[in-house]
$ cat my_file21.cif   # mmCIF, C-alpha atoms and all ligand atoms
data_coords
loop_
_atom_site.group_PDB
_atom_site.id
_atom_site.type_symbol
_atom_site.label_atom_id
_atom_site.label_comp_id
_atom_site.auth_asym_id
_atom_site.auth_seq_id
_atom_site.Cartn_x
_atom_site.Cartn_y
_atom_site.Cartn_z
ATOM 1 C CA MET A 1 -15.172 8.383 9.989
ATOM 2 C CA ALA A 2 -12.462 10.988 9.883
ATOM 3 C CA GLN A 3 -10.639 11.628 6.668
ATOM 4 C CA ARG A 4 -6.942 10.947 6.547
ATOM 5 C CA MET A 5 -5.997 11.753 2.940
ATOM 6 C CA ARG A 6 -7.667 13.487 0.060
ATOM 7 C CA THR A 7 -6.666 13.744 -3.564
ATOM 8 C CA GLU A 8 -8.009 16.568 -5.661
ATOM 9 C CA ASN A 9 -7.997 16.358 -9.434
ATOM 10 C CA LEU A 10 -4.863 14.181 -9.238
ATOM 11 C CA LYS A 11 -3.241 13.645 -12.627
ATOM 12 C CA ALA A 12 -0.105 11.637 -13.335
ATOM 13 C CA TRP A 13 2.039 10.939 -16.361
ATOM 14 C CA TYR A 14 4.783 8.589 -17.488
ATOM 15 C CA GLY A 15 6.485 10.722 -20.142
ATOM 16 C CA MET A 16 3.751 11.851 -22.548
ATOM 17 C CA ASN A 17 1.413 9.109 -21.405
ATOM 18 C CA GLN A 18 -1.260 10.419 -19.040
ATOM 19 C CA ILE A 19 -2.142 7.649 -16.604
ATOM 20 C CA LEU A 20 -4.405 9.388 -14.075
ATOM 21 C CA LYS A 21 -7.003 11.730 -15.528
ATOM 22 C CA GLY A 22 -8.026 13.713 -12.447
ATOM 23 C CA ILE A 23 -8.832 11.642 -9.370
ATOM 24 C CA THR A 24 -10.683 13.259 -6.474
ATOM 25 C CA MET A 25 -11.030 10.899 -3.581
ATOM 26 C CA ASP A 26 -11.062 10.856 0.240
ATOM 27 C CA ILE A 27 -9.273 8.133 2.149
ATOM 28 C CA GLU A 28 -10.819 7.402 5.515
ATOM 29 C CA LYS A 29 -8.806 7.046 8.672
ATOM 30 C CA ASN A 30 -8.488 3.565 10.229
ATOM 31 C CA ALA A 31 -10.240 1.921 7.344
ATOM 32 C CA ILE A 32 -9.099 -0.327 4.518
ATOM 33 C CA THR A 33 -9.621 1.234 1.117
ATOM 34 C CA ALA A 34 -9.308 -1.144 -1.833
ATOM 35 C CA ILE A 35 -8.389 0.055 -5.315
ATOM 36 C CA ILE A 36 -9.659 -2.276 -8.028
ATOM 37 C CA GLY A 37 -9.760 -2.147 -11.807
ATOM 38 C CA PRO A 38 -8.367 -3.894 -14.875
ATOM 39 C CA SER A 39 -4.671 -4.158 -15.583
ATOM 40 C CA GLY A 40 -3.108 -0.851 -16.618
ATOM 41 C CA CYS A 41 -5.942 1.362 -15.304
ATOM 42 C CA GLY A 42 -3.554 3.259 -13.019
ATOM 43 C CA LYS A 43 -4.063 1.607 -9.611
ATOM 44 C CA SER A 44 -0.364 1.358 -8.757
ATOM 45 C CA THR A 45 0.346 4.786 -10.176
ATOM 46 C CA PHE A 46 -2.384 6.200 -7.940
ATOM 47 C CA ILE A 47 -1.026 4.769 -4.709
ATOM 48 C CA ARG A 48 2.527 5.661 -5.709
ATOM 49 C CA CYS A 49 1.366 9.280 -5.932
ATOM 50 C CA LEU A 50 0.149 9.067 -2.331
ATOM 51 C CA ASN A 51 3.684 8.900 -0.918
ATOM 52 C CA ARG A 52 5.560 10.543 -3.790
ATOM 53 C CA MET A 53 7.010 7.265 -5.055
ATOM 54 C CA HIS A 54 5.779 8.020 -8.574
ATOM 55 C CA GLU A 55 8.363 10.770 -8.953
ATOM 56 C CA VAL A 56 11.174 8.300 -8.265
ATOM 57 C CA ASN A 57 10.824 7.109 -11.887
ATOM 58 C CA GLU A 58 12.402 9.355 -14.499
ATOM 59 C CA GLY A 59 10.159 11.351 -16.815
ATOM 60 C CA THR A 60 7.131 11.249 -14.533
ATOM 61 C CA ARG A 61 4.894 14.177 -13.635
ATOM 62 C CA VAL A 62 2.099 14.801 -11.144
ATOM 63 C CA GLU A 63 -0.532 17.552 -11.069
ATOM 64 C CA GLY A 64 -3.306 18.275 -8.613
ATOM 65 C CA LYS A 65 -3.281 18.016 -4.858
ATOM 66 C CA VAL A 66 -2.731 15.269 -2.341
ATOM 67 C CA TRP A 67 -3.637 16.251 1.214
ATOM 68 C CA PHE A 68 -2.379 14.247 4.168
ATOM 69 C CA GLU A 69 -4.374 15.600 7.106
ATOM 70 C CA ASP A 70 -3.932 19.327 6.416
ATOM 71 C CA GLN A 71 -0.599 19.092 4.595
ATOM 72 C CA ASP A 72 -0.099 19.271 0.851
ATOM 73 C CA ILE A 73 2.404 16.455 0.354
ATOM 74 C CA TYR A 74 3.694 18.032 -2.870
ATOM 75 C CA ALA A 75 4.526 21.313 -1.119
ATOM 76 C CA GLN A 76 8.187 22.345 -1.400
ATOM 77 C CA SER A 77 8.672 22.119 2.335
ATOM 78 C CA ILE A 78 7.900 18.388 2.400
ATOM 79 C CA ASP A 79 10.829 15.972 2.517
ATOM 80 C CA PRO A 80 9.753 12.940 0.450
ATOM 81 C CA VAL A 81 11.975 10.552 2.395
ATOM 82 C CA GLU A 82 10.470 11.612 5.712
ATOM 83 C CA LEU A 83 7.004 11.497 4.129
ATOM 84 C CA ARG A 84 7.550 7.877 3.059
ATOM 85 C CA SER A 85 8.193 6.836 6.629
ATOM 86 C CA ARG A 86 4.800 8.292 7.595
ATOM 87 C CA ILE A 87 3.162 6.768 4.533
ATOM 88 C CA GLY A 88 4.823 3.379 4.154
ATOM 89 C CA MET A 89 4.585 0.994 1.232
ATOM 90 C CA VAL A 90 4.609 -2.738 0.666
ATOM 91 C CA PHE A 91 5.097 -4.049 -2.851
ATOM 92 C CA GLN A 92 3.799 -6.966 -4.871
ATOM 93 C CA LYS A 93 7.004 -8.938 -4.646
ATOM 94 C CA PRO A 94 8.497 -9.263 -1.151
ATOM 95 C CA ASN A 95 11.744 -7.271 -1.215
ATOM 96 C CA PRO A 96 13.675 -7.762 2.028
ATOM 97 C CA PHE A 97 17.145 -6.188 1.986
ATOM 98 C CA PRO A 98 19.053 -9.160 0.550
ATOM 99 C CA THR A 99 22.225 -8.930 2.613
ATOM 100 C CA MET A 100 20.529 -8.243 5.957
ATOM 101 C CA SER A 101 19.331 -10.508 8.725
ATOM 102 C CA ILE A 102 15.688 -10.690 9.776
ATOM 103 C CA PHE A 103 16.521 -8.391 12.691
ATOM 104 C CA GLU A 104 18.431 -5.893 10.577
ATOM 105 C CA ASN A 105 15.679 -5.725 7.955
ATOM 106 C CA VAL A 106 13.320 -4.395 10.601
ATOM 107 C CA ALA A 107 15.929 -2.327 12.461
ATOM 108 C CA ALA A 108 17.265 -0.576 9.349
ATOM 109 C CA GLY A 109 14.613 2.160 9.250
ATOM 110 C CA LEU A 110 14.876 2.700 12.988
ATOM 111 C CA ARG A 111 18.622 3.202 12.735
ATOM 112 C CA LEU A 112 18.042 5.762 9.981
ATOM 113 C CA HIS A 113 15.762 7.565 12.414
ATOM 114 C CA GLY A 114 18.638 7.780 14.864
ATOM 115 C CA ILE A 115 17.666 4.963 17.230
ATOM 116 C CA ARG A 116 20.910 3.382 18.448
ATOM 117 C CA ARG A 117 20.272 1.924 21.894
ATOM 118 C CA THR A 118 20.247 -1.862 21.716
ATOM 119 C CA SER A 119 17.370 -2.301 24.153
ATOM 120 C CA GLU A 120 15.242 0.213 22.267
ATOM 121 C CA LEU A 121 16.043 -1.454 18.946
ATOM 122 C CA ASN A 122 15.297 -4.913 20.351
ATOM 123 C CA ASP A 123 11.939 -3.782 21.712
ATOM 124 C CA ALA A 124 10.933 -2.005 18.526
ATOM 125 C CA VAL A 125 11.943 -4.938 16.314
ATOM 126 C CA GLU A 126 9.965 -7.357 18.492
ATOM 127 C CA GLU A 127 6.925 -5.079 18.536
ATOM 128 C CA SER A 128 6.975 -4.689 14.734
ATOM 129 C CA LEU A 129 7.391 -8.414 14.151
ATOM 130 C CA GLN A 130 4.535 -9.064 16.607
ATOM 131 C CA MET A 131 2.320 -6.610 14.765
ATOM 132 C CA ALA A 132 3.167 -8.277 11.464
ATOM 133 C CA GLY A 133 2.250 -11.664 12.941
ATOM 134 C CA LEU A 134 5.755 -13.036 12.364
ATOM 135 C CA TRP A 135 7.416 -12.923 15.776
ATOM 136 C CA ASN A 136 6.657 -16.469 16.875
ATOM 137 C CA GLU A 137 7.986 -17.891 13.627
ATOM 138 C CA VAL A 138 11.287 -15.995 13.678
ATOM 139 C CA LYS A 139 12.141 -15.158 17.283
ATOM 140 C CA ASP A 140 14.716 -17.944 17.500
ATOM 141 C CA ARG A 141 16.469 -17.042 14.270
ATOM 142 C CA LEU A 142 16.569 -13.282 14.131
ATOM 143 C CA GLN A 143 20.143 -13.341 12.816
ATOM 144 C CA HIS A 144 19.267 -15.516 9.825
ATOM 145 C CA PRO A 145 19.078 -13.753 6.456
ATOM 146 C CA GLY A 146 15.705 -12.168 5.680
ATOM 147 C CA VAL A 147 15.746 -13.912 2.323
ATOM 148 C CA SER A 148 15.910 -17.325 4.034
ATOM 149 C CA LEU A 149 12.205 -17.000 4.912
ATOM 150 C CA SER A 150 9.343 -18.274 2.778
ATOM 151 C CA GLY A 151 7.651 -15.844 0.394
ATOM 152 C CA GLY A 152 4.737 -15.228 2.745
ATOM 153 C CA GLN A 153 7.062 -14.723 5.692
ATOM 154 C CA GLN A 154 9.219 -12.353 3.637
ATOM 155 C CA GLN A 155 6.145 -10.301 2.847
ATOM 156 C CA ARG A 156 5.253 -10.099 6.538
ATOM 157 C CA LEU A 157 8.889 -9.128 7.207
ATOM 158 C CA CYS A 158 8.476 -6.276 4.719
ATOM 159 C CA ILE A 159 5.289 -5.265 6.525
ATOM 160 C CA ALA A 160 7.169 -5.356 9.852
ATOM 161 C CA ARG A 161 9.904 -3.221 8.281
ATOM 162 C CA ALA A 162 7.327 -0.670 7.151
ATOM 163 C CA LEU A 163 5.571 -0.711 10.542
ATOM 164 C CA ALA A 164 8.790 -0.251 12.527
ATOM 165 C CA VAL A 165 8.898 3.481 11.826
ATOM 166 C CA LYS A 166 5.251 3.831 12.919
ATOM 167 C CA PRO A 167 3.605 4.972 9.711
ATOM 168 C CA GLU A 168 0.152 6.511 9.786
ATOM 169 C CA ILE A 169 -0.708 5.051 6.407
ATOM 170 C CA LEU A 170 0.313 1.786 4.804
ATOM 171 C CA LEU A 171 0.032 1.498 1.033
ATOM 172 C CA MET A 172 -0.097 -2.111 -0.159
ATOM 173 C CA ASP A 173 0.377 -2.796 -3.851
ATOM 174 C CA GLU A 174 -1.034 -6.271 -4.522
ATOM 175 C CA PRO A 175 0.766 -7.552 -1.425
ATOM 176 C CA ALA A 176 -0.530 -11.106 -1.724
ATOM 177 C CA SER A 177 -0.533 -11.679 -5.450
ATOM 178 C CA ALA A 178 2.737 -13.630 -5.354
ATOM 179 C CA LEU A 179 1.667 -15.743 -2.361
ATOM 180 C CA ASP A 180 -0.105 -19.051 -1.790
ATOM 181 C CA PRO A 181 -3.630 -19.064 -0.305
ATOM 182 C CA VAL A 182 -2.476 -19.677 3.281
ATOM 183 C CA SER A 183 0.010 -16.799 3.178
ATOM 184 C CA THR A 184 -2.628 -14.667 1.471
ATOM 185 C CA GLY A 185 -4.956 -15.391 4.381
ATOM 186 C CA HIS A 186 -2.242 -14.260 6.810
ATOM 187 C CA ILE A 187 -1.825 -10.963 4.990
ATOM 188 C CA GLU A 188 -5.585 -10.381 4.873
ATOM 189 C CA ASP A 189 -6.017 -11.121 8.589
ATOM 190 C CA LEU A 190 -3.102 -8.866 9.306
ATOM 191 C CA ALA A 191 -4.552 -5.971 7.295
ATOM 192 C CA ILE A 192 -7.851 -6.259 9.169
ATOM 193 C CA LYS A 193 -6.016 -6.251 12.498
ATOM 194 C CA LEU A 194 -3.698 -3.391 11.586
ATOM 195 C CA LYS A 195 -6.343 -0.984 10.384
ATOM 196 C CA HIS A 196 -7.081 0.018 13.966
ATOM 197 C CA GLN A 197 -3.588 1.481 14.145
ATOM 198 C CA VAL A 198 -2.775 2.273 10.513
ATOM 199 C CA THR A 199 -4.922 3.489 7.658
ATOM 200 C CA ILE A 200 -4.576 1.049 4.780
ATOM 201 C CA VAL A 201 -4.893 1.507 1.029
ATOM 202 C CA ILE A 202 -4.580 -1.741 -0.898
ATOM 203 C CA VAL A 203 -4.395 -2.350 -4.633
ATOM 204 C CA THR A 204 -5.772 -5.736 -5.547
ATOM 205 C CA HIS A 205 -6.703 -7.726 -8.608
ATOM 206 C CA ASN A 206 -8.549 -10.109 -6.380
ATOM 207 C CA LEU A 207 -12.169 -8.990 -6.090
ATOM 208 C CA HIS A 208 -12.907 -11.546 -3.379
ATOM 209 C CA GLN A 209 -10.065 -10.091 -1.387
ATOM 210 C CA ALA A 210 -11.410 -6.554 -1.787
ATOM 211 C CA ALA A 211 -14.856 -7.762 -0.717
ATOM 212 C CA ARG A 212 -13.445 -9.701 2.255
ATOM 213 C CA ILE A 213 -11.224 -7.102 3.816
ATOM 214 C CA SER A 214 -11.981 -3.577 2.658
ATOM 215 C CA ASP A 215 -14.371 -1.012 4.075
ATOM 216 C CA ARG A 216 -14.457 1.093 0.937
ATOM 217 C CA THR A 217 -13.696 0.238 -2.657
ATOM 218 C CA ALA A 218 -12.677 2.477 -5.531
ATOM 219 C CA PHE A 219 -13.101 1.220 -9.089
ATOM 220 C CA PHE A 220 -10.650 2.694 -11.599
ATOM 221 C CA LEU A 221 -10.909 2.455 -15.355
ATOM 222 C CA SER A 222 -8.428 3.982 -17.831
ATOM 223 C CA GLY A 223 -7.167 6.505 -15.293
ATOM 224 C CA ASP A 224 -10.616 7.632 -14.109
ATOM 225 C CA LEU A 225 -12.339 6.926 -10.814
ATOM 226 C CA ILE A 226 -15.632 5.416 -11.937
ATOM 227 C CA GLU A 227 -17.184 4.571 -8.598
ATOM 228 C CA TYR A 228 -16.223 4.821 -4.944
ATOM 229 C CA ASP A 229 -18.444 3.494 -2.200
ATOM 230 C CA ASN A 230 -18.746 1.295 0.854
ATOM 231 C CA THR A 231 -17.483 -2.091 -0.243
ATOM 232 C CA LYS A 232 -20.718 -3.910 0.566
ATOM 233 C CA ASP A 233 -22.837 -1.430 -1.361
ATOM 234 C CA MET A 234 -20.538 -1.514 -4.350
ATOM 235 C CA PHE A 235 -20.422 -5.285 -4.573
ATOM 236 C CA ILE A 236 -24.154 -5.733 -3.968
ATOM 237 C CA SER A 237 -25.497 -2.930 -6.118
ATOM 238 C CA PRO A 238 -22.937 -0.932 -8.066
ATOM 239 C CA SER A 239 -24.388 2.245 -9.460
ATOM 240 C CA ASP A 240 -22.350 2.363 -12.683
ATOM 241 C CA LYS A 241 -22.794 -0.244 -15.397
ATOM 242 C CA ARG A 242 -19.020 -0.397 -15.954
ATOM 243 C CA THR A 243 -18.463 -1.298 -12.300
ATOM 244 C CA ASN A 244 -21.128 -3.949 -12.572
ATOM 245 C CA ASP A 245 -19.527 -5.380 -15.714
ATOM 246 C CA TYR A 246 -16.122 -5.475 -14.044
ATOM 247 C CA ILE A 247 -17.163 -7.053 -10.764
ATOM 248 C CA SER A 248 -19.309 -9.607 -12.520
ATOM 249 C CA GLY A 249 -16.279 -10.657 -14.560
ATOM 250 C CA ARG A 250 -17.340 -9.329 -17.968
ATOM 251 C CA PHE A 251 -13.913 -7.758 -18.547
ATOM 252 C CA GLY A 252 -10.524 -7.217 -16.902
HETATM 253 N N1 LIG A 301 7.815 2.599 -15.233
HETATM 254 C C1 LIG A 301 6.900 2.872 -16.173
HETATM 255 N N2 LIG A 301 7.251 3.539 -17.304
HETATM 256 C C2 LIG A 301 6.338 3.826 -18.244
HETATM 257 N N3 LIG A 301 5.036 3.488 -18.189
HETATM 258 C C3 LIG A 301 4.627 2.822 -17.099
HETATM 259 C C4 LIG A 301 5.535 2.474 -16.041
HETATM 260 N N4 LIG A 301 4.832 1.805 -15.091
HETATM 261 C C5 LIG A 301 3.561 1.748 -15.526
HETATM 262 N N5 LIG A 301 3.438 2.362 -16.723
HETATM 263 C C6 LIG A 301 2.212 2.474 -17.508
HETATM 264 O O1 LIG A 301 1.233 3.156 -16.743
HETATM 265 C C7 LIG A 301 -0.046 2.588 -16.955
HETATM 266 C C8 LIG A 301 -0.679 2.300 -15.617
HETATM 267 O O2 LIG A 301 0.123 1.365 -14.923
HETATM 268 P P1 LIG A 301 -0.207 0.961 -13.420
HETATM 269 O O3 LIG A 301 0.891 0.038 -13.010
HETATM 270 O O4 LIG A 301 -0.475 2.158 -12.610
HETATM 271 O O5 LIG A 301 -1.567 0.188 -13.638
HETATM 272 P P2 LIG A 301 -2.267 -0.898 -12.724
HETATM 273 O O6 LIG A 301 -3.715 -0.619 -12.794
HETATM 274 O O7 LIG A 301 -1.628 -0.919 -11.381
HETATM 275 O O8 LIG A 301 -1.919 -2.220 -13.531
HETATM 276 P P3 LIG A 301 -1.657 -3.719 -13.025
HETATM 277 O O9 LIG A 301 -2.928 -4.150 -12.393
HETATM 278 O O10 LIG A 301 -1.351 -4.460 -14.283
HETATM 279 O O11 LIG A 301 -0.500 -3.669 -12.058
HETATM 280 C C9 LIG A 301 0.137 1.365 -17.828
HETATM 281 O O12 LIG A 301 -0.235 1.710 -19.144
HETATM 282 C C10 LIG A 301 1.615 1.105 -17.769
HETATM 283 O O13 LIG A 301 2.081 0.592 -18.974
#

$ encode --input "my_file21.cif" --output "structure tokens"
Amino acid sequence: MAQRMRTENLKAWYGMNQILKGITMDIEKNAITAIIGPSGCGKSTFIRCLNRMHEVNEGTRVEGKVWFEDQDIYAQSIDPVELRSRIGMVFQKPNPFPTMSIFENVAAGLRLHGIRRTSELNDAVEESLQMAGLWNEVKDRLQHPGVSLSGGQQQRLCIARALAVKPEILLMDEPASALDPVSTGHIEDLAIKLKHQVTIVIVTHNLHQAARISDRTAFFLSGDLIEYDNTKDMFISPSDKRTNDYISGRFG
């Protein structure tokens, strides 16, 4: 498989607190990469470094390299806002724009990219909602507020919003942890379907979820990458005792 992103000796801080201790890791194209590890090990910080969201918080610092194809995303020439449309993100808690309709939630990013023609907007909104598996549920109420949807639908709306600007990578930070099992199933099915178009990196606390949907799994512990392998291999025969202890439920 081709490589889409690579981190080299990636270190990150919140103030004086070093969270990532030097992560070197390839992210494969059109695959789902799961990041697992106990609470506070730096999973979210890691994926937030992949689209320069970490620097949005005050007092943060990043060292090392993050390559996206052959571009250093921390190079001065990179516009972080533009970068985040190519490397989209979905958060733990669904966060539709509260004052906007379902339609406008998805159209907002397109408008920012200069798309104004109604027919083009309509087509792109429909396509994104189709991709997010939400179209059939909302097509008759596109003007209703985004926040009028259920939690699982709101999360798929946020995925549609991220997909609308055609990202190459989608970062998902525990996207199903606030959802019921049926909605969780929708998100998992969706991730599996989307990976043919978008490379996915997902942070999850749910080991079954990582095992079900991911191609590769990275196990983090206290800011270090302990093990990174094909998901099946890692879950069947982890090579590090700490990985084994974690996936067999001995801690975390
Ligand atoms: N905004 C912040 N300001 C200061 N410290 C933070 C902030 N966010 C996270 N941290 C700290 O960074 C460390 C790593 O947090 P991070 O959210 O990356 O871990 P995680 O593995 O994703 O955890 P969880 O599974 O609980 O979400 C933790 O010690 C946390 O307290």

$ residues_around --input "my_file21.cif" --residues "segment 10-13 of chain A" --least-positions-apart "2" --cutoff "7 Å" --atoms "all atoms listed in the file" --output "PyMOL selection string"
chain A and resi 7-8+15-24+60-65

$ residues_near_ligand --input "my_file21.cif" --ligand "ligand LIG 301 (chain A)" --cutoff "7 Å" --atoms "all atoms listed in the file" --output "ChimeraX atom specification"
/A:14,19,37-46,57,205

$ atom_distance --input "my_file21.cif" --atom1 "atom CA of Asp215 of chain A" --atom2 "atom CA of Lys232 of chain A"
7.8 Å

$ axis_aligned_box --input "my_file21.cif" --around "segment 209-216 of chain A" --padding-each-side "4 Å" --output "lines of an AutoDock Vina configuration file"
center_x = -12.5
center_y = -4.5
center_z = 1.1
size_x = 12.8
size_y = 19.2
size_z = 13.9

$ residues_around --input "my_file21.cif" --residues "Leu121 of chain A" --least-positions-apart "6" --cutoff "12 Å" --atoms "all atoms listed in the file" --output "mmCIF file with C-alpha atoms, keeping the file's coordinate frame"
data_model
loop_
_atom_site.group_PDB
_atom_site.id
_atom_site.type_symbol
_atom_site.label_atom_id
_atom_site.label_comp_id
_atom_site.auth_asym_id
_atom_site.auth_seq_id
_atom_site.Cartn_x
_atom_site.Cartn_y
_atom_site.Cartn_z
ATOM 1 C CA PHE A 103 16.521 -8.391 12.691
ATOM 2 C CA GLU A 104 18.431 -5.893 10.577
ATOM 3 C CA ASN A 105 15.679 -5.725 7.955
ATOM 4 C CA VAL A 106 13.320 -4.395 10.601
ATOM 5 C CA ALA A 107 15.929 -2.327 12.461
ATOM 6 C CA ALA A 108 17.265 -0.576 9.349
ATOM 7 C CA GLY A 109 14.613 2.160 9.250
ATOM 8 C CA LEU A 110 14.876 2.700 12.988
ATOM 9 C CA ARG A 111 18.622 3.202 12.735
ATOM 10 C CA LEU A 112 18.042 5.762 9.981
ATOM 11 C CA HIS A 113 15.762 7.565 12.414
ATOM 12 C CA GLY A 114 18.638 7.780 14.864
ATOM 13 C CA ILE A 115 17.666 4.963 17.230
ATOM 14 C CA GLU A 127 6.925 -5.079 18.536
ATOM 15 C CA SER A 128 6.975 -4.689 14.734
ATOM 16 C CA ALA A 164 8.790 -0.251 12.527
ATOM 17 C CA VAL A 165 8.898 3.481 11.826
#

$ residues_around --input "my_file21.cif" --residues "segment 188-203 of chain A" --least-positions-apart "6" --cutoff "6 Å" --atoms "only C-alpha atoms" --output "list in words"
Lys29, Asn30, Ala31, Ile32, Thr33, Ala34, Ile35, Glu168, Ile169, Leu170, Leu171, Met172, Asp173 and Glu174 of chain A

$ residues_around --input "my_file21.cif" --residues "segment 66-68 of chain A" --least-positions-apart "3" --cutoff "6 Å" --atoms "all atoms listed in the file" --output "count of residues only"
6

$ decode --input "my_file21.cif" --residues "segment 40-52 of chain A" --atoms "N, CA and C atoms" --output "compact mmCIF listing (two decimals), in the first residue's frame"
# COMPACT_ATOMS: atom_id res chain seq x y z
N GLY A 40 -5.22 9.43 28.25
CA GLY A 40 -4.11 10.35 28.54
C GLY A 40 -2.80 9.99 27.89
N CYS A 41 -2.78 8.93 27.05
CA CYS A 41 -1.50 8.50 26.45
C CYS A 41 -1.09 9.37 25.27
N GLY A 42 -1.99 10.25 24.81
CA GLY A 42 -1.61 11.17 23.73
C GLY A 42 -2.25 10.87 22.39
N LYS A 43 -3.29 10.04 22.36
CA LYS A 43 -3.92 9.66 21.09
C LYS A 43 -4.50 10.89 20.37
N SER A 44 -5.31 11.66 21.13
CA SER A 44 -5.94 12.83 20.50
C SER A 44 -4.87 13.85 20.11
N THR A 45 -3.90 14.03 20.98
CA THR A 45 -2.85 15.00 20.67
C THR A 45 -2.16 14.60 19.37
N PHE A 46 -1.92 13.30 19.21
CA PHE A 46 -1.25 12.82 17.99
C PHE A 46 -2.07 13.19 16.76
N ILE A 47 -3.35 12.85 16.75
CA ILE A 47 -4.09 13.12 15.50
C ILE A 47 -4.29 14.62 15.31
N ARG A 48 -4.34 15.37 16.40
CA ARG A 48 -4.46 16.83 16.25
C ARG A 48 -3.19 17.45 15.66
N CYS A 49 -2.07 16.74 15.82
CA CYS A 49 -0.83 17.23 15.17
C CYS A 49 -0.85 16.96 13.68
N LEU A 50 -1.70 16.02 13.24
CA LEU A 50 -1.69 15.63 11.83
C LEU A 50 -2.37 16.64 10.92
N ASN A 51 -3.19 17.54 11.52
CA ASN A 51 -3.75 18.62 10.68
C ASN A 51 -3.57 19.99 11.35
N ARG A 52 -2.57 20.06 12.21
CA ARG A 52 -2.18 21.31 12.87
C ARG A 52 -3.30 21.89 13.73
